[in-house]
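Worksheet for the structure shown next.
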4 protein chains.
Amino acid sequence: MGGATAALQGTTKAQIQSVALRLFAERGYDSTSMREIAEALSFTKAALYYHFASKEDIVRSLIDTMLSQVGELVDWAHSQTQGPGLRHEVLTRWIDIMQGQGLRMFRFINANHRVMREISTDKSGMEEHLRALYEILTPPGAGLADQLRARLSLMVVNMAGLASNGLEASEEDILAAARQISMELAPKDPTGDPA
Amino acid sequence: MGGATAALQGTTKAQIQSVALRLFAERGYDSTSMREIAEALSFTKAALYYHFASKEDIVRSLIDTMLSQVGELVDWAHSQTQGPGLRHEVLTRWIDIMQGQGLRMFRFINANHRVMREISTDKSGMEEHLRALYEILTPPGAGLADQLRARLSLMVVNMAGLASNGLEASEEDILAAARQISMELAPKDPTGDPA
Amino acid sequence: MGGATAALQGTTKAQIQSVALRLFAERGYDSTSMREIAEALSFTKAALYYHFASKEDIVRSLIDTMLSQVGELVDWAHSQTQGPGLRHEVLTRWIDIMQGQGLRMFRFINANHRVMREISTDKSGMEEHLRALYEILTPPGAGLADQLRARLSLMVVNMAGLASNGLEASEEDILAAARQISMELAPKDPTGDPA
Amino acid sequence: MGGATAALQGTTKAQIQSVALRLFAERGYDSTSMREIAEALSFTKAALYYHFASKEDIVRSLIDTMLSQVGELVDWAHSQTQGPGLRHEVLTRWIDIMQGQGLRMFRFINANHRVMREISTDKSGMEEHLRALYEILTPPGAGLADQLRARLSLMVVNMAGLASNGLEASEEDILAAARQISMELAPKDPTGDPA
DNA sequence: GATGAATGAGAATTCATTCAT
DNA sequence: GATGAATGAATTCTCATTCAT
């Protein structure tokens, strides 16, 4: 936690990040203008530029926030002994991150590939982090289907938002179901277990 | 099949649709300008406006194309006898649609919720179609998790595109794996279980 | 009459003139596009260009129509013996012209000074015609006020359209009243005043 | 007086209003582009948009200015005792307003009915104001001709601009003559005259 | 006589950004 | 820390016009 999470509370900078993330996720990066962000905050546009050098800079800061959260998860995972138990725990923590700002971030990332591609943040960092998580979630010697399963199990929480459209159930219940499906989907260890 | 697919070949209108879909899927709707579409076709902007009344109109036509394909699937499914076999076949046909323009369309829809929301096409039609498919894929009396599974099984093909980033495998193999996972994920009939 | 009046009936060219005049008077010249004229006639734009070389050309033909009507009035007036009786009769005939297409033409001219100025038709003709009418309506040796009266007496019929907004009376009654006011307004002969 | 008139001096907003009114009156609303207004002011187009939300917004502000002037006249007239003397004074004040920006405004209104109709300012206000003036200028029990006379007497000052085209006289003299004609035209009180 | 397709110029408007204060 | 004013480039879209058929 620490820096990253705290960054989205209190300070002016943090207010901007929070509102910008909401708008970017709702309307898309390109369709959200600095004017709209400023108005949503009852600031002037120029005030935004006092805190952030550019619109892209806001995105960068947003990504960094998420990046550090996922980075912490990766670091923690690397410090543990590998195995099915760890995989289970990693998925749980991932899901925890994805709630709160995480879900919004994911929706944002999903809906704004272009900016993500063009932004020259340490975005490779995100890909590395994800690769690391994939490896942890994929048993040694896994086939293609299992590799895909690992990746999809991470995405399920994020898809649940879209998928639950029209379902009559509390957000809580939906996330619980998503969690369960995510676990099922994650590749099983082929380690000689008699089922 | 037929009309809808054929509509994306040959004629000027069709060329525009095809190029626009590619660009919209790649860069997002808002970030793709009419100028860019025109340049990609070596047309003038004004020529686009001769064929389509507006930028939104292009999107509308694109959606209608996909809509009719999914609509045909729903109609076909309704004309069959329900059951596990049908569910399997529906998933197969869905995946077939999603390849070709379908995948692009889905990436587009996923990445451009805002336009989709604002466009006043028979978009409700899409929601109805999806609802119909969900029902067919969901066994009677299914719980929340199974309802979610039905929805996610449809999305898996579309997610596979994202998920396979960085995997060293042919598109063919990836789609085959996605197909398999999609089938596994679809809710199973509770046949014969005493609840 | 003859040519000019007949020109607004029957033939395709005449249909175009009639519809164009209506639209120009309603929405103004610049705000009426060739597309709108074409649509109002269920033609294609290109068809308009078969009959008229340009948009300005339509206006020119319209002006010419009115020009010839007023020209005939001037010619007739010049062939009569001057005097108060003639002035009365001229006003009457002027008012007769102004009904029918005339009123529309006037509304058009009033509302589209710019085109009128820029159009290089024999528009000077119109000014000459009006000057001739002014002279006929103005008794010899009239002062500034009477010169203005002569001019305004011609305009009254045209203003009546605007002025009668909100009055509960038939168009017929309004025109009769306008006619009466116009006559009153016209400068009186200083008959018998010792200057 | 006061506020409204002063508003057209000094400030950037006021400069824009002044130049825009001149151009709108000269060339018509539709034929005057934001580029032209900007160039006439040596501004950029975008600068106009900083001060006014849209082209229509400029018109709206212009109308409001005139509206408040006429509104003041109506209010003043309502606070006086009705009668022939008041009618005379109202006409005088009306003519005073119409000079300065007023004449331009009137030429603009006359030549741009379409915009006026479409603009959703408190334009009904103008119609109400005019209705009020008509009532004041019209003696009780007046017939149709007198109702029309009241209306035309207000319009005469505005028509004088058009009507005096080609007259060799100073603007001052023309306005004086127009004033005189306007007064003559205004309906006379039928009080006790033996016809 | 008339059309479908296309064009180049220009319209209104919005945007990210800058900078003096 | 923050604002008001301004800009240059881009956007969507419309228009008068042309031309091969």
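Chain lettering (A, B, ...) mirrors the order of the structure tokens, residue numbering begins at 1 for each chain separately, and ligand numbering begins at 1 in order of display.
Residues within 8 Å of DT7 of chain F, counting only C-alpha atoms (C1' of nucleotides) and excluding same-chain residues fewer than 3 positions away, are D:Thr44, D:Ala46, D:Ala47.
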File dump, residues just selected, C-alpha atoms, as a PDB file, in the first residue's frame:
ATOM      1  CA  THR D  44      -7.959  34.164 -33.497  1.00  0.00           C
ATOM      2  CA  ALA D  46     -10.514  30.449 -30.736  1.00  0.00           C
ATOM      3  CA  ALA D  47     -10.360  33.729 -28.874  1.00  0.00           C
TER       4      ALA D  47
END
What's around segment 86-94 of chain B at 7 Å? Count only C-alpha atoms (C1' of nucleotides), leave out sequence neighbours fewer than 2 positions away in its own chain, and write the answer as a ChimeraX atom specification. /B:77,82-84,96-98,136-137
File dump, residues just selected, C-alpha atoms, as a compact mmCIF listing (two decimals), in the first residue's frame:
# COMPACT_ATOMS: atom_id res chain seq x y z
CA ALA B 77 -31.06 -21.58 -32.10
CA GLN B 82 -33.01 -27.02 -26.50
CA GLY B 83 -30.48 -29.08 -24.62
CA PRO B 84 -26.75 -29.59 -23.98
CA ASP B 96 -17.16 -18.87 -35.95
CA ILE B 97 -18.87 -15.50 -36.18
CA MET B 98 -16.32 -13.91 -33.93
CA ILE B 136 -30.00 -20.84 -24.29
CA LEU B 137 -26.59 -21.41 -22.72
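Atom CA of Met105 of chain D is found 10.8 Å from atom CA of Asp64 of chain D.
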When the cut-off is 8 Å and we count only C-alpha atoms (C1' of nucleotides), which residues of chain E are near chain B, given as a ChimeraX atom specification? /E:5-7
If the cut-off is 8 Å, can you tell me the residues of chain B near chain F, counting only C-alpha atoms (C1' of nucleotides)? I'd like them as JSON, numbers by chain. {"B": [33, 34, 54]}
Prev. selection, N, CA, C and O atoms, output as a compact mmCIF listing (two decimals), in the first residue's frame:
# COMPACT_ATOMS: atom_id res chain seq x y z
N SER B 33 -10.04 9.81 -36.96
CA SER B 33 -10.73 10.93 -37.59
C SER B 33 -11.18 10.55 -39.00
O SER B 33 -10.64 9.64 -39.63
N MET B 34 -12.16 11.25 -39.48
CA MET B 34 -12.64 11.03 -40.83
C MET B 34 -11.49 11.25 -41.82
O MET B 34 -11.41 10.57 -42.85
N SER B 54 -22.74 10.55 -41.55
CA SER B 54 -21.91 11.04 -40.47
C SER B 54 -20.97 9.93 -40.01
O SER B 54 -21.08 8.79 -40.46
Can you pull out every residue within 10 Å of Phe106 of chain A, counting only C-alpha atoms (C1' of nucleotides), but drop anything in the same chain fewer than 6 positions away, and send it as a PyMOL selection string? chain A and resi 25+66+98-99+112+155+157-159
Determine which residues of chain A sit within 10 Å of chain B, taking into account only C-alpha atoms, and present them as a compact mmCIF listing (two decimals) with C-alpha atoms, in the first residue's frame.
# COMPACT_ATOMS: atom_id res chain seq x y z
CA ALA A 25 -12.93 4.97 -17.47
CA GLU A 26 -16.42 6.24 -18.17
CA ARG A 27 -15.90 8.11 -21.41
CA GLY A 28 -12.51 7.07 -22.67
CA TYR A 29 -9.26 8.98 -22.60
CA ASP A 30 -9.60 10.80 -25.90
CA SER A 31 -13.18 11.76 -25.26
CA ARG A 107 -11.73 -0.79 -17.51
CA PHE A 108 -9.62 2.18 -18.46
CA ILE A 109 -6.74 0.12 -19.76
CA ASN A 110 -9.12 -2.08 -21.69
CA ALA A 111 -10.86 0.84 -23.27
CA ASN A 112 -7.82 2.90 -24.10
CA HIS A 113 -5.26 0.67 -25.70
CA ARG A 114 -4.09 3.41 -27.99
CA VAL A 115 -2.95 5.76 -25.23
CA ARG A 117 0.54 1.97 -26.38
CA GLU A 127 3.76 -6.25 -19.11
CA ARG A 131 4.28 -11.99 -17.38
CA GLY A 143 0.44 -26.49 -22.56
CA LEU A 144 -1.05 -23.66 -24.54
CA ALA A 145 -4.52 -24.13 -23.12
CA ASP A 146 -3.19 -23.89 -19.60
CA GLN A 147 -1.21 -20.79 -20.44
CA LEU A 148 -4.37 -19.23 -21.75
CA ARG A 149 -6.25 -20.40 -18.66
CA ALA A 150 -3.78 -18.60 -16.44
CA ARG A 151 -4.24 -15.38 -18.34
CA LEU A 152 -8.00 -15.68 -18.47
CA SER A 153 -8.27 -16.42 -14.79
CA LEU A 154 -6.76 -13.01 -14.14
CA MET A 155 -9.10 -11.33 -16.58
CA VAL A 156 -12.26 -12.92 -15.24
CA MET A 159 -14.78 -9.17 -17.25
CA ALA A 160 -17.30 -9.82 -14.51
CA LEU A 162 -19.25 -6.36 -18.21
CA ALA A 163 -20.63 -9.85 -17.97
CA SER A 164 -22.94 -9.15 -15.07
CA ASN A 165 -24.89 -6.55 -17.01
CA GLY A 166 -28.53 -7.41 -16.55
CA LEU A 167 -28.03 -9.93 -13.81
CA GLU A 168 -30.08 -9.31 -10.74
CA ALA A 169 -27.56 -9.80 -8.00
CA ASP A 173 -22.40 -11.77 -4.87
CA ILE A 174 -21.17 -11.21 -8.38
CA LEU A 175 -17.61 -10.67 -7.25
CA ALA A 176 -17.83 -13.78 -5.10
CA ALA A 177 -19.01 -15.81 -8.08
CA ALA A 178 -16.30 -14.28 -10.26
CA ARG A 179 -13.72 -15.20 -7.67
CA GLN A 180 -14.92 -18.79 -7.67
CA ILE A 181 -14.90 -19.05 -11.45
CA GLU A 184 -11.71 -22.93 -11.25
CA LEU A 185 -10.34 -21.54 -14.44
How would you write, as a PyMOL selection string, the set of residues in segment 15-91 of chain B that DSSP gives as alpha helix (DSSP H)? chain B and resi 15-27+34-41+45-51+55-78+84-91
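A straight line drawn from atom CA of Trp76 of chain A to atom CA of Glu172 of chain A is 26.5 Å long.
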